[in-house]
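Undergrad: There's a structure below that I have some questions on.
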Amino acid sequence: MTARPEVLWAQRSSESVADKNIVYLTVNLPDIDEKSLQYELTTTEISFKAESKTDKRAYAFSFPLFDEVEPEASLSKLSSRSFTAVLRKKALNIEYWPRLTKEKVKLPFVKTDFSKWADEDEQDGAQALDEDFSGMGGMGGMGGMGGMGGMGDMGGMGGMGDMGMGGMGGMGGMGGMGGMGGMGGMGGMDFSKMMASMGGAAGAGPSGAEDEPADSDSDDEGLPPLEDVESSA
């Protein structure tokens, strides 16, 4: 015996943007056997049939929609937890559909998806219903960008280092300029002698101790007194 799966629905509307003028459906049926899935959408009706691998039962539903949709612009997706579909409303209208079905009848398995529902005056700031579809599609296309990975071959530009640019690495040798610190080796000059000579000029410094005293015997070996010079003359 065929059972009815739970069908949740929400919607958005727009009088100018077609992508925001949609109905979002979720068929809450886990572990759908993809081979058994039969989904058909026309401009006025939707039908679904599939078997669950969990309980081996067949589930199905079919009903006319409240208004026309665009099958070519609509999307669908199967996951391990559910089957989802985004139906593009044909008429651009700011007003919501009053119900999902054409006829004003109560279908117990069709329920409002309150997790995605937003009132007409609050939908501008509400979550985009088709973001899961657009996000996945966009990312799939971006996969082609992986080819840009070939830019990794630009690593071959490293070979430019062999063009002498690598020699620029020799600029690291400029670090040898640190050897200029060796100029500190000028300290190897006898600063004590320099200071001594400078100190001697001032009459001070360690080298002053090496100078003979003014009253030392060495004066006897100098010039004779003036009186002696005159007498000898």
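Letters A, B, ... go to the chains of the structure tokens in the order shown; residues in each chain start at 1; ligands are counted from 1 in the same order.
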Can you list, as a tab-separated table (two decimals) with N, CA and C atoms, in the first residue's frame, every protein, DNA or RNA residue that comes within 7 Å of Leu29 in chain A when you count only C-alpha atoms, leaving out same-chain residues fewer than 4 positions away?
TA:
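Generated output (around_18.tsv):
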chain	number	residue	atom	x	y	z
A	5	PRO	N	4.09	10.78	2.17
A	5	PRO	CA	5.19	11.34	2.96
A	5	PRO	C	4.82	12.73	3.47
A	81	ARG	N	18.47	12.50	3.88
A	81	ARG	CA	17.38	12.78	4.81
A	81	ARG	C	16.06	13.18	4.16
A	82	SER	N	16.15	13.75	2.94
A	82	SER	CA	14.93	14.26	2.33
A	82	SER	C	15.11	14.55	0.85
Undergrad: Skip range 57-66 of chain A itself and residues of its chain fewer than 6 positions away, then list as a ChimeraX atom specification all residues within 10 Å of it, counting only C-alpha atoms.
TA: /A:1-7,29,32-33,36-51,97-104,107,109
Undergrad: So, counting only C-alpha atoms, which residue among A:Lys53, A:Lys106, A:Lys111, A:Lys90 is closest to Lys35 in chain A?
TA: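 So, comparing all the options, the nearest one is A:Lys53.
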Undergrad: Calculate how many Å separate CA of Val27 in chain A from CA of Glu68 in chain A, rounding to one decimal.
TA: 20.2 Å
Undergrad: So that I can see what lies close to Lys20 in chain A, please list as a PyMOL selection string the residues with an atom at most 12 Å from it, counting only C-alpha atoms and leaving out residues fewer than 2 positions away in the same chain.
TA: chain A and resi 11-18+22-24+74+86-94+96+120+123-124+126-131
Undergrad: How would you write, as a VMD selection string, the set of residues in range 13-84 of chain A that DSSP gives as strand (DSSP E)?
TA: chain A and resid 22 to 28 38 to 41 45 to 51 58 to 64 75 to 78 83 to 84
Undergrad: Counting only C-alpha atoms, what is within 6 Å of Thr84 in chain A, bar same-chain residues fewer than 6 positions away, as a count of residues only?
TA: 4
Undergrad: Interatomic distance between CA of Lys116 in chain A and CA of Asp31 in chain A?
TA: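 According to the coordinates, CA of Lys116 in chain A and CA of Asp31 in chain A are separated by 22.7 Å.
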